[in-house]
Structures are given as structure tokens and as C-alpha cells.
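Below is the file run-v7.txt, which contains compact mmCIF, C-alpha atoms.
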# COMPACT_ATOMS: atom_id res chain seq x y z
CA MET R 1 1.73 -57.86 63.34
CA GLN R 2 4.54 -57.80 65.86
CA LYS R 3 7.54 -55.48 65.34
CA LEU R 4 11.11 -55.16 66.57
CA GLY R 5 11.60 -51.42 66.35
CA ASP R 6 10.71 -50.59 62.76
CA PHE R 7 11.20 -54.19 61.56
CA LYS R 8 8.00 -56.15 60.90
CA LEU R 9 8.23 -59.73 62.06
CA PRO R 10 6.61 -62.47 59.95
CA HIS R 11 3.51 -64.27 61.22
CA PHE R 12 5.42 -67.47 62.00
CA PHE R 13 7.37 -65.59 64.69
CA ASN R 14 4.24 -65.85 66.87
CA TYR R 15 3.77 -69.56 66.21
CA PRO R 16 5.37 -71.47 69.14
CA PRO R 17 6.37 -74.63 67.19
CA TYR R 18 8.73 -72.58 65.03
CA PHE R 19 10.90 -71.97 68.12
CA THR R 20 11.48 -75.73 68.44
CA LEU R 21 13.35 -77.76 65.82
CA GLN R 22 10.74 -79.82 64.02
CA PRO R 23 11.27 -83.60 63.79
CA VAL R 24 9.48 -84.12 60.44
CA ARG R 25 11.92 -83.50 57.56
CA GLU R 26 9.58 -81.48 55.32
CA THR R 27 8.40 -79.32 58.20
CA ARG R 28 11.98 -78.73 59.38
CA GLU R 29 13.09 -77.76 55.87
CA LYS R 30 10.33 -75.17 55.69
CA GLN R 31 11.15 -73.98 59.21
CA VAL R 32 14.85 -73.62 58.38
CA GLN R 33 14.05 -71.69 55.19
CA LEU R 34 11.75 -69.30 57.06
CA TRP R 35 14.38 -68.67 59.73
CA LYS R 36 17.16 -68.17 57.14
CA ASP R 37 15.04 -65.59 55.31
CA LEU R 38 14.14 -63.86 58.58
CA ILE R 39 17.75 -63.72 59.80
CA LEU R 40 19.05 -62.36 56.48
CA ASP R 41 16.25 -59.82 56.15
CA TYR R 42 16.65 -58.62 59.74
CA CYS R 43 20.45 -58.37 59.49
CA ARG R 44 20.24 -56.52 56.16
CA THR R 45 17.69 -53.97 57.39
CA GLN R 46 19.43 -53.48 60.73
CA LYS R 47 22.90 -53.47 59.10
CA LEU R 48 24.16 -56.32 61.30
CA PHE R 49 27.11 -58.45 60.27
CA ILE R 50 28.24 -60.44 63.30
CA ILE R 51 25.84 -62.58 65.34
CA GLY R 52 26.89 -64.43 68.48
CA LEU R 53 24.85 -67.56 69.04
CA GLU R 54 25.38 -67.36 72.79
CA GLU R 55 24.67 -63.64 72.95
CA GLU R 56 21.37 -61.82 73.22
CA PHE R 57 19.87 -61.33 69.76
CA PRO R 58 16.30 -60.07 69.29
CA LEU R 59 15.25 -62.91 66.97
CA PHE R 60 16.29 -65.64 69.40
CA SER R 61 13.29 -65.11 71.66
CA ASN R 62 9.70 -63.97 71.57
CA PRO R 63 8.48 -62.77 74.98
CA VAL R 64 4.91 -62.44 73.67
CA ILE R 65 4.61 -66.23 73.34
CA GLU R 66 7.31 -66.95 75.94
CA ARG R 67 9.53 -68.90 73.55
CA THR R 68 13.28 -68.93 73.01
CA LEU R 69 15.33 -70.76 70.40
CA SER R 70 17.56 -73.47 71.79
CA HIS R 71 21.29 -73.32 71.05
CA GLU R 72 20.78 -76.38 68.83
CA ALA R 73 18.13 -74.56 66.77
CA ARG R 74 20.29 -71.44 66.49
CA GLU R 75 23.22 -73.48 65.28
CA ALA R 76 21.03 -75.39 62.81
CA PHE R 77 19.69 -72.19 61.25
CA PHE R 78 23.10 -70.52 61.02
CA SER R 79 24.73 -73.73 59.73
CA ALA R 80 22.15 -73.76 56.95
CA LEU R 81 23.14 -70.19 56.06
CA VAL R 82 26.81 -71.21 56.10
CA SER R 83 26.16 -74.20 53.83
CA GLU R 84 24.49 -71.87 51.30
CA GLY R 85 27.36 -69.39 51.39
CA ARG R 86 25.22 -66.75 53.14
CA ALA R 87 27.28 -66.80 56.36
CA GLU R 88 30.64 -67.94 57.69
CA TRP R 89 31.63 -69.18 61.11
CA LEU R 90 34.15 -66.88 62.74
CA ASP R 91 35.38 -69.51 65.18
CA LYS R 92 35.76 -73.26 65.33
CA GLY R 93 33.28 -73.55 68.19
CA HIS R 94 30.48 -72.07 66.05
CA ARG R 95 29.76 -69.32 68.54
CA LYS R 96 29.98 -66.32 66.17
CA CYS R 97 28.79 -66.00 62.63
CA LEU R 98 29.51 -63.45 59.91
CA ILE R 99 26.31 -62.78 57.96
CA LEU R 100 26.77 -62.28 54.23
CA TRP R 101 23.94 -60.30 52.69
CA HIS R 102 25.21 -61.61 49.37
CA ARG R 103 27.28 -64.71 48.61
CA ILE R 104 30.98 -64.13 47.94
CA GLN R 105 30.42 -64.91 44.25
CA ASP R 106 27.58 -62.37 44.17
CA TRP R 107 29.80 -59.70 45.75
CA ALA R 108 32.42 -60.38 43.08
CA GLY R 109 29.80 -59.94 40.36
CA ILE R 110 28.46 -56.76 41.96
CA ILE R 111 31.94 -55.27 42.17
CA LEU R 112 32.82 -56.35 38.62
CA ASN R 113 29.61 -54.81 37.26
CA PHE R 114 30.34 -51.62 39.21
CA VAL R 115 33.82 -51.49 37.65
CA LYS R 116 32.47 -52.03 34.15
CA ASP R 117 29.48 -49.69 34.49
CA ASN R 118 31.60 -46.82 35.80
CA GLY R 119 34.69 -47.21 33.61
CA PHE R 120 37.02 -48.04 36.50
CA GLU R 121 38.95 -50.82 34.79
CA ASP R 122 42.67 -50.50 35.55
CA SER R 123 41.91 -48.03 38.37
CA VAL R 124 43.10 -48.13 41.96
CA MET R 125 40.42 -47.40 44.54
CA THR R 126 39.86 -48.19 48.18
CA VAL R 127 36.64 -49.85 49.20
CA GLU R 128 35.88 -46.69 51.20
CA GLU R 129 36.12 -44.66 47.98
CA ILE R 130 33.68 -47.05 46.35
CA ARG R 131 31.31 -46.95 49.34
CA SER R 132 31.26 -43.18 49.62
CA GLY R 133 31.53 -42.32 45.93
CA ILE R 134 28.77 -40.72 43.93
CA GLU R 135 28.68 -43.73 41.60
CA SER R 136 27.73 -46.12 44.41
CA ARG R 137 24.90 -44.04 45.92
CA GLY R 138 21.70 -46.03 45.92
CA THR R 139 23.52 -49.30 45.22
CA VAL R 140 24.38 -52.20 47.51
CA LEU R 141 28.00 -51.00 47.47
CA GLY R 142 26.97 -47.71 49.04
CA GLU R 143 24.80 -49.20 51.76
CA GLY R 144 27.21 -49.03 54.67
CA GLN R 145 29.42 -52.08 54.27
CA THR R 146 31.86 -52.32 57.15
CA CYS R 147 34.74 -54.11 55.49
CA GLY R 148 37.45 -52.05 53.90
CA GLY R 149 40.57 -52.71 51.95
CA VAL R 150 42.40 -51.90 48.79
CA TRP R 151 41.12 -52.68 45.34
CA ARG R 152 43.47 -52.64 42.41
CA ARG R 153 44.02 -54.48 39.20
CA LYS R 154 44.61 -58.19 39.79
CA ALA R 155 44.68 -57.73 43.57
CA SER R 156 42.53 -58.94 46.38
CA ILE R 157 40.32 -56.91 48.63
CA SER R 158 41.63 -57.61 52.10
CA CYS R 159 39.84 -57.11 55.37
CA MET R 160 40.78 -54.00 57.28
CA CYS R 161 37.81 -54.08 59.66
CA PRO R 162 38.32 -52.37 63.02
CA GLY R 163 39.95 -54.92 65.26
CA ASN R 164 40.04 -57.38 62.35
CA ILE R 165 36.67 -58.75 63.46
CA CYS R 166 36.18 -60.80 60.34
CA ARG R 167 39.02 -63.25 59.92
CA SER R 168 41.95 -63.67 57.61
CA ASN R 169 39.59 -64.62 54.78
CA CYS R 170 37.13 -61.76 55.12
CA MET R 171 33.87 -61.72 53.22
CA LEU R 172 35.61 -59.33 50.86
CA ASP R 173 38.69 -61.48 50.26
CA VAL R 174 37.85 -61.78 46.59
CA LEU R 175 40.41 -61.86 43.84
CA ILE R 176 39.13 -59.65 41.09
CA ASN R 177 40.76 -59.86 37.73
CA VAL R 178 39.64 -56.66 36.07
CA SER R 179 42.05 -56.69 33.17
CA ASN R 180 39.65 -56.04 30.33
CA ALA R 181 36.88 -56.78 32.88
CA ARG R 182 36.24 -60.22 31.45
CA ARG R 183 36.17 -62.48 34.49
CA VAL R 184 36.17 -62.69 38.24
CA ASP R 185 38.24 -65.27 40.10
CA ILE R 186 37.07 -66.21 43.59
CA LEU R 187 39.72 -67.21 46.12
Rewrite the structure from the file as C-alpha cells, please.
Amino acid sequence: MQKLGDFKLPHFFNYPPYFTLQPVRETREKQVQLWKDLILDYCRTQKLFIIGLEEEFPLFSNPVIERTLSHEAREAFFSALVSEGRAEWLDKGHRKCLILWHRIQDWAGIILNFVKDNGFEDSVMTVEEIRSGIESRGTVLGEGQTCGGVWRRKASISCMCPGNICRSNCMLDVLINVSNARRVDIL
């Protein structure tokens, strides 16, 4: 099995037709699903958040079989992630994509459960405090998220990424209503 560093690539990565968009609908659907899973898994394990479609990215080519994904295929796979809420375009030209390991709604649920489980209702905490706190060790919240911001009762978590690389509606722009921890409102 081929590897990229310590990441094991799936068997289809060595199958040349999967580097060309397939014309048959059922085959293309399966191809798109395989690529979505591969992209998400690779980005999660390598802690990658921003992918440039026109930039060098290890999954875009396989030198062993001398194949490279076309720009059309790259855009199709990332557009499928965007349509599922697993990514967001960072520009109108669809050249850069923010990968969401979890959907925005899932992040809201994760944060709400964290608040409930740790008795932080009506508390003020920064995302950095959550990320580095003892309570988040071993959880998805403690796994090196790059976005930061302020979390407080009935307030939004706003992007404070270095250089504001996300966009005005960062992946963490989630309105969390933690009064009595009964619901989460998504902006």
C-alpha cells in the first residue's frame, strides 16, 4: 500500500481511472465519494485546513502511476464537499477551500455538549482556553484547531485566525445560545 509520509493511501489511489472524472453517473458518484472521504481523512490527519486548487497538494497527483487530477476534477470534488457543508470556498473564483472536519452544525453540537458536560454554562472563555484546557484533552476541541475567538453567553465565536485567512464568516462563526444550554442557533 502506498503512503504519503505516515498516511496510508487507499487502493483506488493507484487506479488510473480515478484521476479522470468518470462519465457514467453511478461511477462518478462513487468516485466523488471516495475522493471526498480521502480529502477529509488526509486533511484531518495532517491537520490541514486550507487547500488551494491551483497549488501543489499531495493528493492531486500520483507519480507512481503518472496521473494528476485535472482542475475540473479538483473543483468537482471540492464542490461536492462544499455542497455537503464539509468545506467552504474562500474566494469567488473557487481557487481556495476551507476544509471543515465537521459541519458547522456539528461544531455547534460539539461545543454545546462540551459546555454542558463541563458545567460552563454562563461562563466566558476564549476558544484558546477551550483548546488548551484540561477538559478538552483527548477531544476534537483539543486537537489543534486554528481558529480562535471569544465565546460567551449568547455571543458568536468570531474568527481571529492569523491574517484572517478564513473569511468574515469563519467556520467558527456560530451563534451559541447557552442560556440554560437548551439550544444552539446557527448563523
I'd like the interatomic distance between atom CA of R:His71 and atom CA of R:Leu53, to a tenth of an Å.
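One can read the atom CA of R:His71 to atom CA of R:Leu53 distance as 7.1 Å.
Atom CA of R:Glu88 lies 25.4 Å from atom CA of R:Asn62.
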Can you list, as number ranges by chain, every protein, DNA or RNA residue that comes within 10 Å of R:Ser61 when you count all atoms listed in the file, leaving out same-chain residues fewer than 6 positions away?
R: 13, 19, 67-70
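Put simply, atom CA of R:Glu75 is 9.9 Å away from atom CA of R:Glu54.
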Applying 12 Å and all atoms listed in the file, which residues near R:Ile39 remain after dropping the ones on its own chain fewer than 5 positions away? List them as number ranges by chain.
R: 7, 9-10, 13, 32-34, 44-51, 57-60, 74, 77-78, 80-81, 86-87, 97-101
Could the residues in this selection be saved with C-alpha atoms as a short mmCIF file (atom, residue, chain, number, x, y, z; two decimals), in the coordinates of the input?
data_model
loop_
_atom_site.label_atom_id
_atom_site.label_comp_id
_atom_site.auth_asym_id
_atom_site.auth_seq_id
_atom_site.Cartn_x
_atom_site.Cartn_y
_atom_site.Cartn_z
CA PHE R 7 11.20 -54.19 61.56
CA LEU R 9 8.23 -59.73 62.06
CA PRO R 10 6.61 -62.47 59.95
CA PHE R 13 7.37 -65.59 64.69
CA VAL R 32 14.85 -73.62 58.38
CA GLN R 33 14.05 -71.69 55.19
CA LEU R 34 11.75 -69.30 57.06
CA ARG R 44 20.24 -56.52 56.16
CA THR R 45 17.69 -53.97 57.39
CA GLN R 46 19.43 -53.48 60.73
CA LYS R 47 22.90 -53.47 59.10
CA LEU R 48 24.16 -56.32 61.30
CA PHE R 49 27.11 -58.45 60.27
CA ILE R 50 28.24 -60.44 63.30
CA ILE R 51 25.84 -62.58 65.34
CA PHE R 57 19.87 -61.33 69.76
CA PRO R 58 16.30 -60.07 69.29
CA LEU R 59 15.25 -62.91 66.97
CA PHE R 60 16.29 -65.64 69.40
CA ARG R 74 20.29 -71.44 66.49
CA PHE R 77 19.69 -72.19 61.25
CA PHE R 78 23.10 -70.52 61.02
CA ALA R 80 22.15 -73.76 56.95
CA LEU R 81 23.14 -70.19 56.06
CA ARG R 86 25.22 -66.75 53.14
CA ALA R 87 27.28 -66.80 56.36
CA CYS R 97 28.79 -66.00 62.63
CA LEU R 98 29.51 -63.45 59.91
CA ILE R 99 26.31 -62.78 57.96
CA LEU R 100 26.77 -62.28 54.23
CA TRP R 101 23.94 -60.30 52.69
#
Between R:Gly85, R:Pro63, R:Gly142, R:Gly5, single out the one closest to R:Phe114, counting only C-alpha atoms.
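Of R:Gly85, R:Pro63, R:Gly142, R:Gly5, the one nearest R:Phe114 is R:Gly142, counting only C-alpha atoms.
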Output as lines of an AutoDock Vina configuration file the centre and edge lengths (Å, one decimal) of the box along x, y and z of the file that holds every listed atom of stretch 57-62 of chain R after adding 8 Å on each side.
center_x = 14.8
center_y = -62.9
center_z = 69.3
size_x = 26.2
size_y = 21.6
size_z = 20.7
Pick the closest to R:Arg103 from R:Val82, R:Leu141, R:Val115, R:Val127: which is it, counting all atoms listed in the file?
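Closest to R:Arg103 of all the choices is R:Val82.
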Return the single residue from R:Met125, R:Ala73, R:Leu4, R:Val64 that is closest to R:Trp35, with distances computed using all atoms listed in the file.
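Distance minimum relative to R:Trp35 lands on R:Ala73.
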Missing atoms in stretch 59-70 of chain R should be modelled up to all heavy atoms and reported as a PDB file, in the coordinates of the input.
ATOM      1  N   LEU R  59      16.016 -61.851  67.635  1.00  0.00           N
ATOM      2  CA  LEU R  59      15.250 -62.910  66.970  1.00  0.00           C
ATOM      3  C   LEU R  59      15.268 -64.228  67.733  1.00  0.00           C
ATOM      4  O   LEU R  59      14.480 -65.121  67.431  1.00  0.00           O
ATOM      5  CB  LEU R  59      15.771 -63.137  65.551  1.00  0.00           C
ATOM      6  CG  LEU R  59      15.684 -61.970  64.585  1.00  0.00           C
ATOM      7  CD1 LEU R  59      16.236 -62.369  63.227  1.00  0.00           C
ATOM      8  CD2 LEU R  59      14.259 -61.460  64.467  1.00  0.00           C
ATOM      9  N   PHE R  60      16.156 -64.365  68.696  1.00  0.00           N
ATOM     10  CA  PHE R  60      16.290 -65.640  69.400  1.00  0.00           C
ATOM     11  C   PHE R  60      15.159 -65.900  70.387  1.00  0.00           C
ATOM     12  O   PHE R  60      15.011 -67.017  70.875  1.00  0.00           O
ATOM     13  CB  PHE R  60      17.624 -65.734  70.117  1.00  0.00           C
ATOM     14  CG  PHE R  60      18.819 -65.844  69.205  1.00  0.00           C
ATOM     15  CD1 PHE R  60      20.086 -65.575  69.699  1.00  0.00           C
ATOM     16  CD2 PHE R  60      18.704 -66.219  67.882  1.00  0.00           C
ATOM     17  CE1 PHE R  60      21.202 -65.683  68.888  1.00  0.00           C
ATOM     18  CE2 PHE R  60      19.813 -66.323  67.060  1.00  0.00           C
ATOM     19  CZ  PHE R  60      21.066 -66.058  67.565  1.00  0.00           C
ATOM     20  N   SER R  61      14.382 -64.895  70.716  1.00  0.00           N
ATOM     21  CA  SER R  61      13.290 -65.110  71.660  1.00  0.00           C
ATOM     22  C   SER R  61      12.093 -64.241  71.311  1.00  0.00           C
ATOM     23  O   SER R  61      12.227 -63.203  70.672  1.00  0.00           O
ATOM     24  CB  SER R  61      13.752 -64.824  73.092  1.00  0.00           C
ATOM     25  OG  SER R  61      14.080 -63.461  73.231  1.00  0.00           O
ATOM     26  N   ASN R  62      10.937 -64.709  71.752  1.00  0.00           N
ATOM     27  CA  ASN R  62       9.700 -63.970  71.570  1.00  0.00           C
ATOM     28  C   ASN R  62       8.978 -63.946  72.922  1.00  0.00           C
ATOM     29  O   ASN R  62       8.316 -64.919  73.302  1.00  0.00           O
ATOM     30  CB  ASN R  62       8.813 -64.602  70.508  1.00  0.00           C
ATOM     31  CG  ASN R  62       7.564 -63.792  70.228  1.00  0.00           C
ATOM     32  OD1 ASN R  62       7.173 -62.951  71.021  1.00  0.00           O
ATOM     33  ND2 ASN R  62       6.935 -64.063  69.101  1.00  0.00           N
ATOM     34  N   PRO R  63       9.111 -62.843  73.657  1.00  0.00           N
ATOM     35  CA  PRO R  63       8.480 -62.770  74.980  1.00  0.00           C
ATOM     36  C   PRO R  63       6.952 -62.813  74.923  1.00  0.00           C
ATOM     37  O   PRO R  63       6.315 -63.224  75.886  1.00  0.00           O
ATOM     38  CB  PRO R  63       8.976 -61.437  75.545  1.00  0.00           C
ATOM     39  CG  PRO R  63       9.558 -60.684  74.410  1.00  0.00           C
ATOM     40  CD  PRO R  63       9.876 -61.654  73.330  1.00  0.00           C
ATOM     41  N   VAL R  64       6.365 -62.426  73.804  1.00  0.00           N
ATOM     42  CA  VAL R  64       4.910 -62.440  73.670  1.00  0.00           C
ATOM     43  C   VAL R  64       4.359 -63.853  73.826  1.00  0.00           C
ATOM     44  O   VAL R  64       3.328 -64.077  74.473  1.00  0.00           O
ATOM     45  CB  VAL R  64       4.470 -61.816  72.320  1.00  0.00           C
ATOM     46  CG1 VAL R  64       2.981 -61.981  72.080  1.00  0.00           C
ATOM     47  CG2 VAL R  64       4.868 -60.350  72.265  1.00  0.00           C
ATOM     48  N   ILE R  65       5.053 -64.834  73.242  1.00  0.00           N
ATOM     49  CA  ILE R  65       4.610 -66.230  73.340  1.00  0.00           C
ATOM     50  C   ILE R  65       5.492 -67.030  74.306  1.00  0.00           C
ATOM     51  O   ILE R  65       5.349 -68.250  74.406  1.00  0.00           O
ATOM     52  CB  ILE R  65       4.559 -66.909  71.956  1.00  0.00           C
ATOM     53  CG1 ILE R  65       5.936 -66.917  71.292  1.00  0.00           C
ATOM     54  CG2 ILE R  65       3.507 -66.255  71.073  1.00  0.00           C
ATOM     55  CD1 ILE R  65       6.018 -67.763  70.031  1.00  0.00           C
ATOM     56  N   GLU R  66       6.414 -66.344  74.953  1.00  0.00           N
ATOM     57  CA  GLU R  66       7.310 -66.950  75.940  1.00  0.00           C
ATOM     58  C   GLU R  66       8.092 -68.132  75.352  1.00  0.00           C
ATOM     59  O   GLU R  66       8.152 -69.209  75.914  1.00  0.00           O
ATOM     60  CB  GLU R  66       6.534 -67.381  77.181  1.00  0.00           C
ATOM     61  CG  GLU R  66       5.859 -66.214  77.876  1.00  0.00           C
ATOM     62  CD  GLU R  66       5.032 -66.632  79.084  1.00  0.00           C
ATOM     63  OE1 GLU R  66       4.860 -67.850  79.319  1.00  0.00           O
ATOM     64  OE2 GLU R  66       4.561 -65.729  79.787  1.00  0.00           O
ATOM     65  N   ARG R  67       8.720 -67.878  74.215  1.00  0.00           N
ATOM     66  CA  ARG R  67       9.530 -68.900  73.550  1.00  0.00           C
ATOM     67  C   ARG R  67      10.916 -68.355  73.245  1.00  0.00           C
ATOM     68  O   ARG R  67      11.083 -67.182  72.928  1.00  0.00           O
ATOM     69  CB  ARG R  67       8.891 -69.352  72.236  1.00  0.00           C
ATOM     70  CG  ARG R  67       7.588 -70.059  72.379  1.00  0.00           C
ATOM     71  CD  ARG R  67       7.787 -71.391  73.070  1.00  0.00           C
ATOM     72  NE  ARG R  67       6.501 -71.998  73.334  1.00  0.00           N
ATOM     73  CZ  ARG R  67       6.253 -73.266  73.174  1.00  0.00           C
ATOM     74  NH1 ARG R  67       7.186 -74.085  72.766  1.00  0.00           N
ATOM     75  NH2 ARG R  67       5.058 -73.730  73.453  1.00  0.00           N
ATOM     76  N   THR R  68      11.899 -69.255  73.329  1.00  0.00           N
ATOM     77  CA  THR R  68      13.280 -68.930  73.010  1.00  0.00           C
ATOM     78  C   THR R  68      13.874 -70.074  72.195  1.00  0.00           C
ATOM     79  O   THR R  68      13.617 -71.246  72.491  1.00  0.00           O
ATOM     80  CB  THR R  68      14.114 -68.738  74.306  1.00  0.00           C
ATOM     81  OG1 THR R  68      13.530 -67.680  75.054  1.00  0.00           O
ATOM     82  CG2 THR R  68      15.560 -68.396  74.003  1.00  0.00           C
ATOM     83  N   LEU R  69      14.651 -69.725  71.189  1.00  0.00           N
ATOM     84  CA  LEU R  69      15.330 -70.760  70.400  1.00  0.00           C
ATOM     85  C   LEU R  69      16.406 -71.430  71.235  1.00  0.00           C
ATOM     86  O   LEU R  69      17.176 -70.759  71.928  1.00  0.00           O
ATOM     87  CB  LEU R  69      16.000 -70.145  69.169  1.00  0.00           C
ATOM     88  CG  LEU R  69      15.132 -69.741  67.999  1.00  0.00           C
ATOM     89  CD1 LEU R  69      15.987 -69.033  66.952  1.00  0.00           C
ATOM     90  CD2 LEU R  69      14.440 -70.945  67.395  1.00  0.00           C
ATOM     91  N   SER R  70      16.476 -72.742  71.124  1.00  0.00           N
ATOM     92  CA  SER R  70      17.560 -73.470  71.790  1.00  0.00           C
ATOM     93  C   SER R  70      18.869 -73.192  71.052  1.00  0.00           C
ATOM     94  O   SER R  70      18.873 -72.761  69.889  1.00  0.00           O
ATOM     95  CB  SER R  70      17.276 -74.973  71.772  1.00  0.00           C
ATOM     96  OG  SER R  70      17.343 -75.457  70.435  1.00  0.00           O
TER      97      SER R  70
END
